[in-house]
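Chemist: Pasting coords-v6.cif below, which is mmCIF, C-alpha atoms and all ligand atoms.
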```cif
data_coords
#
loop_
_atom_site.label_atom_id
_atom_site.label_comp_id
_atom_site.auth_asym_id
_atom_site.auth_seq_id
_atom_site.Cartn_x
_atom_site.Cartn_y
_atom_site.Cartn_z
CA MET A 1 2.13 58.93 23.08
CA ARG A 2 0.49 58.45 26.48
CA HIS A 3 2.28 59.34 29.66
CA GLY A 4 1.68 58.65 33.29
CA PRO A 5 1.80 61.53 35.74
CA ASN A 6 5.56 60.98 36.36
CA ALA A 7 6.58 61.35 32.73
CA ALA A 8 7.13 64.20 30.30
CA THR A 9 8.59 64.62 26.83
CA ALA A 10 10.30 67.78 25.61
CA ARG A 11 12.07 69.05 22.50
CA ALA A 12 14.93 71.54 22.52
CA TYR A 13 16.86 72.87 19.56
CA SER A 14 20.58 73.17 19.16
CA ASN A 15 22.19 76.59 19.00
CA ILE A 16 25.40 78.06 17.71
CA ALA A 17 27.18 80.90 19.38
CA LEU A 18 27.94 83.98 17.29
CA ILE A 19 29.99 85.36 20.18
CA LYS A 20 31.58 82.31 21.76
CA TYR A 21 31.83 81.03 25.29
CA TRP A 22 35.00 79.16 26.35
CA GLY A 23 36.48 78.92 29.84
CA LYS A 24 34.89 78.65 33.28
CA ARG A 25 35.00 80.91 36.31
CA ASP A 26 33.77 78.00 38.48
CA SER A 27 33.88 74.35 37.42
CA ALA A 28 31.62 72.90 40.11
CA LEU A 29 28.68 75.15 39.22
CA ASN A 30 29.75 75.36 35.57
CA LEU A 31 29.89 79.16 35.55
CA PRO A 32 31.23 80.64 32.33
CA ALA A 33 34.20 83.02 32.33
CA VAL A 34 32.59 85.05 29.53
CA GLY A 35 29.08 85.73 28.25
CA SER A 36 27.94 84.56 24.82
CA ILE A 37 25.33 85.30 22.15
CA SER A 38 23.76 82.55 20.05
CA ILE A 39 21.09 81.68 17.54
CA THR A 40 18.87 78.63 17.98
CA LEU A 41 18.62 76.25 14.99
CA ASP A 42 15.35 74.64 13.92
CA ALA A 43 16.94 71.78 11.93
CA LEU A 44 18.91 70.25 14.80
CA TYR A 45 17.01 69.10 17.85
CA THR A 46 16.81 66.62 20.71
CA ASP A 47 13.62 64.93 21.94
CA THR A 48 13.82 63.62 25.47
CA ARG A 49 11.36 61.61 27.49
CA VAL A 50 11.84 61.33 31.24
CA THR A 51 9.92 58.94 33.47
CA PHE A 52 10.53 58.74 37.22
CA VAL A 53 10.09 55.09 38.16
CA SER A 54 9.87 54.01 41.78
CA GLY A 55 11.92 50.91 42.53
CA LEU A 56 14.49 51.57 39.78
CA GLU A 57 17.98 51.10 41.23
CA GLN A 58 19.81 53.72 39.23
CA ASP A 59 19.08 56.24 36.50
CA LYS A 60 18.84 54.59 33.11
CA ILE A 61 19.95 56.78 30.23
CA GLU A 62 19.43 55.89 26.57
CA ILE A 63 20.66 58.16 23.79
CA GLY A 64 19.57 57.13 20.31
CA GLY A 65 18.52 53.72 21.64
CA ARG A 66 21.92 52.99 23.24
CA THR A 67 22.39 52.75 26.98
CA THR A 68 24.85 55.37 28.21
CA ASP A 69 26.85 55.71 31.44
CA PRO A 70 24.54 57.64 33.80
CA ALA A 71 27.46 59.40 35.58
CA ARG A 72 27.12 62.73 33.74
CA PHE A 73 23.35 62.75 34.26
CA THR A 74 22.77 61.50 37.80
CA GLY A 75 24.19 64.63 39.49
CA PHE A 76 22.01 66.75 37.22
CA LEU A 77 18.90 64.67 37.99
CA ASP A 78 19.76 64.75 41.73
CA ARG A 79 19.37 68.54 41.74
CA ILE A 80 15.89 68.13 40.30
CA ARG A 81 14.97 65.34 42.74
CA GLN A 82 16.15 67.46 45.64
CA HIS A 83 14.14 70.45 44.46
CA ALA A 84 11.01 68.34 43.87
CA ASP A 85 11.53 66.31 47.04
CA ILE A 86 11.38 62.95 45.29
CA THR A 87 13.74 59.98 45.38
CA ALA A 88 12.70 57.89 42.37
CA ARG A 89 15.36 57.18 39.75
CA ALA A 90 14.68 58.23 36.17
CA ARG A 91 14.44 56.49 32.88
CA VAL A 92 15.65 58.92 30.22
CA GLU A 93 15.17 58.26 26.51
CA SER A 94 16.73 60.79 24.19
CA TRP A 95 17.05 61.11 20.40
CA ASN A 96 19.11 63.59 18.41
CA ASN A 97 18.18 64.10 14.78
CA PHE A 98 21.91 64.69 14.03
CA PRO A 99 25.27 63.06 14.94
CA THR A 100 26.07 63.21 18.68
CA GLY A 101 29.31 64.68 20.07
CA ALA A 102 30.78 65.93 16.81
CA GLY A 103 30.58 69.67 17.32
CA LEU A 104 26.91 70.02 16.47
CA ALA A 105 26.02 71.08 20.01
CA SER A 106 24.21 67.92 21.09
CA SER A 107 24.96 68.82 24.71
CA ALA A 108 23.14 72.15 24.22
CA SER A 109 19.89 70.71 22.90
CA GLY A 110 20.33 67.58 25.05
CA PHE A 111 20.60 69.26 28.44
CA ALA A 112 17.96 71.87 27.56
CA ALA A 113 15.49 69.10 26.63
CA LEU A 114 16.45 67.10 29.72
CA ALA A 115 16.03 70.12 32.02
CA LEU A 116 12.51 70.75 30.71
CA ALA A 117 11.35 67.10 30.52
CA ALA A 118 12.82 66.08 33.88
CA THR A 119 11.48 69.07 35.85
CA GLN A 120 8.03 68.61 34.32
CA ALA A 121 8.07 64.88 35.02
CA ALA A 122 9.06 65.68 38.62
CA GLY A 123 6.02 67.95 38.93
CA LEU A 124 8.01 71.21 38.91
CA ASN A 125 7.02 74.23 36.85
CA LEU A 126 10.20 76.26 36.47
CA SER A 127 10.37 79.64 34.75
CA PRO A 128 12.50 79.84 31.57
CA ARG A 129 15.20 81.63 33.60
CA GLU A 130 15.25 78.87 36.24
CA LEU A 131 15.39 76.27 33.47
CA SER A 132 18.28 78.12 31.89
CA ILE A 133 20.21 78.10 35.19
CA LEU A 134 19.52 74.38 35.57
CA ALA A 135 20.45 73.54 31.94
CA ARG A 136 23.74 75.47 32.38
CA GLN A 137 24.78 72.99 35.05
CA GLY A 138 24.64 70.23 32.43
CA SER A 139 26.39 72.18 29.69
CA GLY A 140 27.15 75.89 29.37
CA SER A 141 25.66 76.25 25.90
CA ALA A 142 22.45 74.44 26.98
CA ALA A 143 21.44 77.50 29.00
CA ARG A 144 20.85 79.28 25.66
CA SER A 145 18.81 76.47 24.07
CA ILE A 146 15.93 77.10 26.48
CA PHE A 147 15.17 80.11 24.26
CA GLY A 148 14.43 80.45 20.55
CA GLY A 149 15.79 82.99 18.07
CA TYR A 150 18.64 85.13 19.39
CA ALA A 151 19.76 84.62 23.00
CA GLU A 152 22.43 86.00 25.28
CA MET A 153 24.06 84.06 28.10
CA HIS A 154 25.28 86.19 31.00
CA ARG A 155 28.54 85.36 32.66
CA GLY A 156 27.14 86.60 35.96
CA GLU A 157 29.14 87.85 38.93
CA ARG A 158 27.70 85.95 41.90
CA ASP A 159 29.49 82.93 43.33
CA ASP A 160 26.28 80.92 43.55
CA GLY A 161 25.56 81.28 39.82
CA THR A 162 22.06 82.70 40.26
CA ASP A 163 22.88 85.47 37.75
CA ALA A 164 24.47 83.14 35.16
CA PHE A 165 21.52 82.49 32.86
CA ALA A 166 20.51 83.13 29.27
CA GLU A 167 17.84 85.56 28.12
CA PRO A 168 16.10 86.06 24.79
CA LEU A 169 17.39 89.01 22.73
CA LEU A 170 15.13 88.79 19.69
CA ASP A 171 12.53 86.37 18.31
CA ALA A 172 13.37 84.23 15.32
CA ASP A 173 10.59 85.86 13.22
CA ALA A 174 11.87 89.36 13.97
CA TRP A 175 14.96 88.74 11.85
CA PRO A 176 15.06 85.41 10.00
CA LEU A 177 18.51 84.13 9.15
CA ASP A 178 19.64 80.78 7.81
CA VAL A 179 22.56 78.58 8.78
CA VAL A 180 24.02 75.99 6.44
CA VAL A 181 25.76 73.28 8.44
CA ALA A 182 28.58 71.67 6.47
CA ILE A 183 29.11 68.27 8.09
CA THR A 184 32.71 67.13 7.54
CA ALA A 185 32.85 64.19 10.01
CA THR A 186 30.32 62.14 11.94
CA THR A 187 32.61 60.66 14.57
CA SER A 188 32.80 61.97 18.15
CA LYS A 189 35.27 64.75 18.81
CA SER A 190 38.68 63.94 20.29
CA VAL A 191 38.67 66.39 23.22
CA ASN A 192 35.34 67.35 24.74
CA SER A 193 34.71 70.95 25.73
CA THR A 194 34.94 70.31 29.50
CA THR A 195 38.44 68.88 29.13
CA GLY A 196 39.42 71.47 26.55
CA MET A 197 38.42 74.32 28.88
CA GLN A 198 40.15 73.02 32.03
CA ASP A 199 42.62 75.34 33.82
CA LEU A 200 42.88 77.61 30.80
CA ASP A 201 44.46 80.40 32.82
CA GLN A 202 47.48 78.13 33.26
CA ARG A 203 47.35 76.45 29.88
CA SER A 204 47.10 79.39 27.50
CA ASP A 205 49.00 82.67 27.38
CA TYR A 206 46.09 84.13 25.38
CA TYR A 207 43.43 83.45 28.00
CA ASP A 208 43.54 86.84 29.75
CA ALA A 209 43.17 88.62 26.42
CA TRP A 210 40.20 86.38 25.54
CA VAL A 211 38.39 87.16 28.78
CA GLY A 212 39.42 90.83 28.68
CA HIS A 213 37.84 91.51 25.28
CA ALA A 214 34.62 89.56 25.74
CA GLU A 215 32.42 92.45 26.89
CA THR A 216 33.42 94.58 23.89
CA ASP A 217 32.51 91.79 21.47
CA LEU A 218 29.19 91.14 23.20
CA ALA A 219 28.24 94.83 23.11
CA ALA A 220 29.08 95.05 19.40
CA MET A 221 26.96 91.96 18.64
CA ARG A 222 24.01 93.24 20.65
CA GLU A 223 24.16 96.42 18.57
CA ALA A 224 24.39 94.51 15.28
CA ILE A 225 21.29 92.48 16.23
CA GLU A 226 19.39 95.56 17.34
CA ASP A 227 20.25 97.32 14.04
CA ARG A 228 19.62 94.15 11.95
CA ASP A 229 23.06 94.80 10.48
CA PHE A 230 23.86 91.47 8.83
CA ALA A 231 27.34 92.34 7.55
CA ARG A 232 28.35 93.43 11.05
CA LEU A 233 26.80 90.35 12.69
CA GLY A 234 28.59 88.11 10.22
CA ALA A 235 31.98 89.80 10.55
CA LEU A 236 31.75 89.70 14.36
CA SER A 237 30.83 86.00 14.38
CA GLU A 238 33.70 85.07 12.10
CA MET A 239 36.06 87.09 14.27
CA SER A 240 34.80 85.49 17.51
CA CYS A 241 35.12 82.02 15.97
CA LEU A 242 38.69 82.61 14.80
CA LYS A 243 39.60 84.15 18.14
CA LEU A 244 38.21 81.06 19.93
CA HIS A 245 40.21 78.74 17.70
CA GLY A 246 43.30 80.92 18.21
CA LEU A 247 42.83 80.37 21.95
CA MET A 248 42.36 76.63 21.41
CA LEU A 249 45.50 76.43 19.28
CA SER A 250 47.43 78.32 21.96
CA THR A 251 46.41 75.88 24.73
CA ARG A 252 48.98 73.40 26.06
CA PRO A 253 48.51 70.82 24.53
CA GLY A 254 47.13 72.60 21.44
CA LEU A 255 43.55 71.83 20.47
CA ILE A 256 43.03 71.34 16.74
CA TYR A 257 39.36 70.69 16.02
CA TRP A 258 39.54 71.27 12.26
CA ASN A 259 40.08 68.72 9.51
CA ALA A 260 41.00 69.42 5.90
CA ALA A 261 37.37 69.82 4.84
CA THR A 262 36.77 72.31 7.66
CA VAL A 263 39.50 74.55 6.28
CA ALA A 264 38.32 74.06 2.69
CA ALA A 265 34.78 75.05 3.71
CA MET A 266 36.09 78.20 5.43
CA HIS A 267 37.83 79.19 2.20
CA ALA A 268 34.68 78.40 0.20
CA VAL A 269 32.69 80.77 2.43
CA ARG A 270 35.27 83.52 1.91
CA GLN A 271 35.22 82.87 -1.85
CA LEU A 272 31.43 83.23 -1.88
CA ARG A 273 31.85 86.53 -0.09
CA ALA A 274 34.40 87.69 -2.63
CA ASP A 275 31.78 86.82 -5.26
CA GLY A 276 29.24 89.08 -3.56
CA VAL A 277 27.25 86.60 -1.39
CA GLY A 278 26.77 87.70 2.24
CA VAL A 279 27.86 84.61 4.17
CA TYR A 280 30.10 84.12 7.23
CA PHE A 281 31.40 80.98 8.95
CA THR A 282 31.46 79.93 12.55
CA ILE A 283 32.85 76.72 14.12
CA ASP A 284 32.56 75.25 17.62
CA ALA A 285 34.66 72.57 19.34
CA GLY A 286 34.46 70.24 16.36
CA PRO A 287 35.07 70.03 12.61
CA GLN A 288 31.67 71.20 11.31
CA VAL A 289 31.36 74.58 9.60
CA LYS A 290 28.22 76.62 10.08
CA ALA A 291 27.69 79.23 7.37
CA VAL A 292 25.39 82.06 8.44
CA CYS A 293 23.50 83.81 5.63
CA GLN A 294 20.28 85.57 4.72
CA PRO A 295 17.48 83.32 3.39
CA ALA A 296 17.70 84.73 -0.17
CA ASP A 297 21.27 83.36 -0.44
CA THR A 298 20.80 79.96 1.20
CA ASP A 299 20.47 77.91 -2.03
CA ARG A 300 23.71 79.34 -3.34
CA VAL A 301 25.53 78.66 -0.07
CA VAL A 302 24.26 75.04 0.06
CA ALA A 303 25.34 74.46 -3.57
CA ALA A 304 28.82 75.88 -2.94
CA LEU A 305 29.42 73.94 0.29
CA GLU A 306 28.21 70.66 -1.26
CA GLN A 307 31.01 71.03 -3.80
CA VAL A 308 33.74 71.25 -1.15
CA PRO A 309 35.84 68.03 -1.04
CA GLY A 310 35.22 66.23 2.26
CA VAL A 311 31.88 67.89 2.99
CA LEU A 312 29.51 64.97 3.55
CA GLU A 313 26.33 66.98 3.74
CA ALA A 314 25.26 70.63 3.74
CA ARG A 315 22.19 70.85 5.94
CA ARG A 316 20.10 74.03 5.92
CA SER A 317 18.50 75.40 9.03
CA GLY A 318 16.36 78.35 9.93
CA LEU A 319 16.17 79.86 13.40
CA GLY A 320 14.42 77.67 15.92
CA PRO A 321 11.85 78.20 18.66
CA ALA A 322 12.23 77.86 22.43
CA ALA A 323 12.35 74.47 24.13
CA HIS A 324 8.86 73.09 24.58
CA ARG A 325 6.90 70.04 25.69
CA LEU A 326 5.81 67.52 23.09
CA ASP A 327 3.15 65.70 25.11
O1 LIG B 401 28.35 73.87 26.26
P1 LIG B 401 29.75 73.41 26.30
O2 LIG B 401 30.28 73.33 27.68
O3 LIG B 401 29.93 72.15 25.52
O4 LIG B 401 30.66 74.51 25.56
C1 LIG B 401 30.42 74.96 24.26
C2 LIG B 401 31.50 75.84 23.76
C3 LIG B 401 31.38 76.28 22.30
O5 LIG B 401 30.40 75.53 21.62
C4 LIG B 401 32.70 76.07 21.59
C5 LIG B 401 31.06 77.77 22.22
C6 LIG B 401 29.67 78.15 22.61
O6 LIG B 401 29.53 79.25 23.16
O7 LIG B 401 28.72 77.40 22.33
#
```
Take the structure in this file and express it as structure tokens.
Ligand code: PMV
Modeler:
Amino acid sequence: MRHGPNAATARAYSNIALIKYWGKRDSALNLPAVGSISITLDALYTDTRVTFVSGLEQDKIEIGGRTTDPARFTGFLDRIRQHADITARARVESWNNFPTGAGLASSASGFAALALAATQAAGLNLSPRELSILARQGSGSAARSIFGGYAEMHRGERDDGTDAFAEPLLDADAWPLDVVVAITATTSKSVNSTTGMQDLDQRSDYYDAWVGHAETDLAAMREAIEDRDFARLGALSEMSCLKLHGLMLSTRPGLIYWNAATVAAMHAVRQLRADGVGVYFTIDAGPQVKAVCQPADTDRVVAALEQVPGVLEARRSGLGPAAHRLD
């Protein structure tokens, strides 16, 4: 592909949090109430091409070939235009290699790819940390997809959000793990994460406990990663996932992201474990189940999840690299 000087194409990979983020300490700047730790997935990615075109009346956003309302993107692109001192509107073409908006973290890979492609197309050369801060303003989890392997997102303390960024914890090669994604639905989720997270302090009696225990969970996960202790990493991720869904269930009105196949897949993972296979589930704001395992067990996990009624596909993934340019 050939690009003019005002264009750039980037790829960013999706990630799943092992210690989950949910809740904001500031909505305008999208500052998370808690930190999070994630792994980046090589099988799920977004490719985004951004071209700044003079004379274009408004930003034109296409996701998977379909024109999308630019509202969610124009504010994000405005920050970049302001920083780069340009006024041209952008043409954004984006492709996910997986279903969009169904709890497969398309906003994570999407905003990470957009942050990199748009800043490069605008002639800016941001550091990974600056990119992470920018990506966060599109979607909290996107801050982590700037990095490969294992990454930690800091909640930060400052009001301006300059200390709310992700950082790499460990390279993918340093400790390869696999994730089997059991896809149980391909339709968009009913309540998006922004809406689901709104005013949680007033909508859930469990919220203070969630925020209050976050640092302990993060410290334990950091230790498990440092020690390459898979059983501990797995147990902590399953716990953080169930705690997140407990919080979601406790929210007024209650958020139920699971379907019948989600629950069946969770039981299948626990059955595998009872049979001696080291595998643990985690689930985001959607019905898909991600089973985390060590590469020697992946075939067995795929075979078991494919058998679960309602599982449409069990897609295997390794750990992915950092966001990068394609052109
Ligand atoms: O990135 P957001 O704002 O869509 O929030 C993502 C929240 C979870 O996926 C449920 C958890 C996480 O830390 O990724």
Chemist: Compile a residue-level contact table for chain A against ligand LIG 401 (chain B) at a cut-off of 7 Å, reporting for every qualifying residue the shortest atom pair and its distance in Å to one decimal, with all atoms listed in the file counted, rows ordered by chain and ascending number, as a tab-separated table.
Modeler:
```
residue	atom	partner	partner_atom	distance
A:Ile16	CA	B:LIG401	O7	5.7
A:Ala17	CA	B:LIG401	O6	4.7
A:Ile19	CA	B:LIG401	O6	6.8
A:Lys20	CA	B:LIG401	O6	3.9
A:Tyr21	CA	B:LIG401	O6	3.6
A:Trp22	CA	B:LIG401	C2	5.5
A:Ser36	CA	B:LIG401	O6	5.8
A:Ala105	CA	B:LIG401	O5	6.4
A:Ser107	CA	B:LIG401	O3	6.0
A:Ala108	CA	B:LIG401	O1	5.9
A:Ser139	CA	B:LIG401	O1	4.3
A:Gly140	CA	B:LIG401	O1	3.9
A:Ser141	CA	B:LIG401	O1	3.6
A:Ala142	CA	B:LIG401	O1	6.0
A:Ser193	CA	B:LIG401	O3	4.9
A:Thr194	CA	B:LIG401	O2	5.8
A:Asp284	CA	B:LIG401	C4	4.1
A:Ala285	CA	B:LIG401	C4	4.6
```
Chemist: Could you tell me how far atom CA of A:Ala121 sits from atom CA of A:Arg155, in Å to one decimal place?
Modeler: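 These atoms are spaced 29.1 Å apart.
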Chemist: If we count all atoms listed in the file, what is near stretch 216-220 of chain A at a cut-off of 8 Å, once residues fewer than 2 positions away on the same chain are taken out, given as a ChimeraX atom specification?
Modeler: /A:19,35-37,213-214,222-224,236,240
Chemist: Using all atoms listed in the file, determine which residues lie at most 8 Å from stretch 86-99 of chain A, disregarding the query and same-chain residues fewer than 5 positions distant; provide the list as a PDB file with C-alpha atoms, in the coordinates of the input.
Modeler:
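Output contents, as saved in out-v9.pdb:
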```
ATOM      1  CA  LEU A  44      18.910  70.250  14.800  1.00  0.00           C
ATOM      2  CA  TYR A  45      17.010  69.100  17.850  1.00  0.00           C
ATOM      3  CA  THR A  46      16.810  66.620  20.710  1.00  0.00           C
ATOM      4  CA  ASP A  47      13.620  64.930  21.940  1.00  0.00           C
ATOM      5  CA  THR A  48      13.820  63.620  25.470  1.00  0.00           C
ATOM      6  CA  ARG A  49      11.360  61.610  27.490  1.00  0.00           C
ATOM      7  CA  VAL A  50      11.840  61.330  31.240  1.00  0.00           C
ATOM      8  CA  THR A  51       9.920  58.940  33.470  1.00  0.00           C
ATOM      9  CA  PHE A  52      10.530  58.740  37.220  1.00  0.00           C
ATOM     10  CA  VAL A  53      10.090  55.090  38.160  1.00  0.00           C
ATOM     11  CA  SER A  54       9.870  54.010  41.780  1.00  0.00           C
ATOM     12  CA  GLY A  55      11.920  50.910  42.530  1.00  0.00           C
ATOM     13  CA  LEU A  56      14.490  51.570  39.780  1.00  0.00           C
ATOM     14  CA  GLU A  57      17.980  51.100  41.230  1.00  0.00           C
ATOM     15  CA  GLN A  58      19.810  53.720  39.230  1.00  0.00           C
ATOM     16  CA  ASP A  59      19.080  56.240  36.500  1.00  0.00           C
ATOM     17  CA  LYS A  60      18.840  54.590  33.110  1.00  0.00           C
ATOM     18  CA  ILE A  61      19.950  56.780  30.230  1.00  0.00           C
ATOM     19  CA  GLU A  62      19.430  55.890  26.570  1.00  0.00           C
ATOM     20  CA  ILE A  63      20.660  58.160  23.790  1.00  0.00           C
ATOM     21  CA  GLY A  64      19.570  57.130  20.310  1.00  0.00           C
ATOM     22  CA  GLY A  65      18.520  53.720  21.640  1.00  0.00           C
ATOM     23  CA  LEU A  77      18.900  64.670  37.990  1.00  0.00           C
ATOM     24  CA  ARG A  81      14.970  65.340  42.740  1.00  0.00           C
ATOM     25  CA  LEU A 104      26.910  70.020  16.470  1.00  0.00           C
ATOM     26  CA  SER A 106      24.210  67.920  21.090  1.00  0.00           C
ATOM     27  CA  GLY A 110      20.330  67.580  25.050  1.00  0.00           C
ATOM     28  CA  ALA A 122       9.060  65.680  38.620  1.00  0.00           C
ATOM     29  CA  THR A 186      30.320  62.140  11.940  1.00  0.00           C
ATOM     30  CA  THR A 187      32.610  60.660  14.570  1.00  0.00           C
TER      31      THR A 187
END
```
Chemist: How big is the axis-aligned box, and where does its centre sit, when it encloses all atoms of stretch 8-12 of chain A listed in the file and has 8 Å added on every side, reported in Å to one decimal as JSON?
Modeler:
```
{"center_x": 11.0, "center_y": 67.9, "center_z": 26.4, "size_x": 23.8, "size_y": 23.3, "size_z": 23.8}
```
Chemist: Between A:Ala117, A:Ala151, A:Met197, A:Val34, single out the one closest to A:Met248, counting only C-alpha atoms.
Modeler: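 Smallest separation from A:Met248 among the options: A:Met197.
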Chemist: With distances taken over all atoms listed in the file, which of A:Thr162, A:Gln198, A:Ser190, A:Ser109 is nearest to A:Gly138?
Modeler: A:Ser109
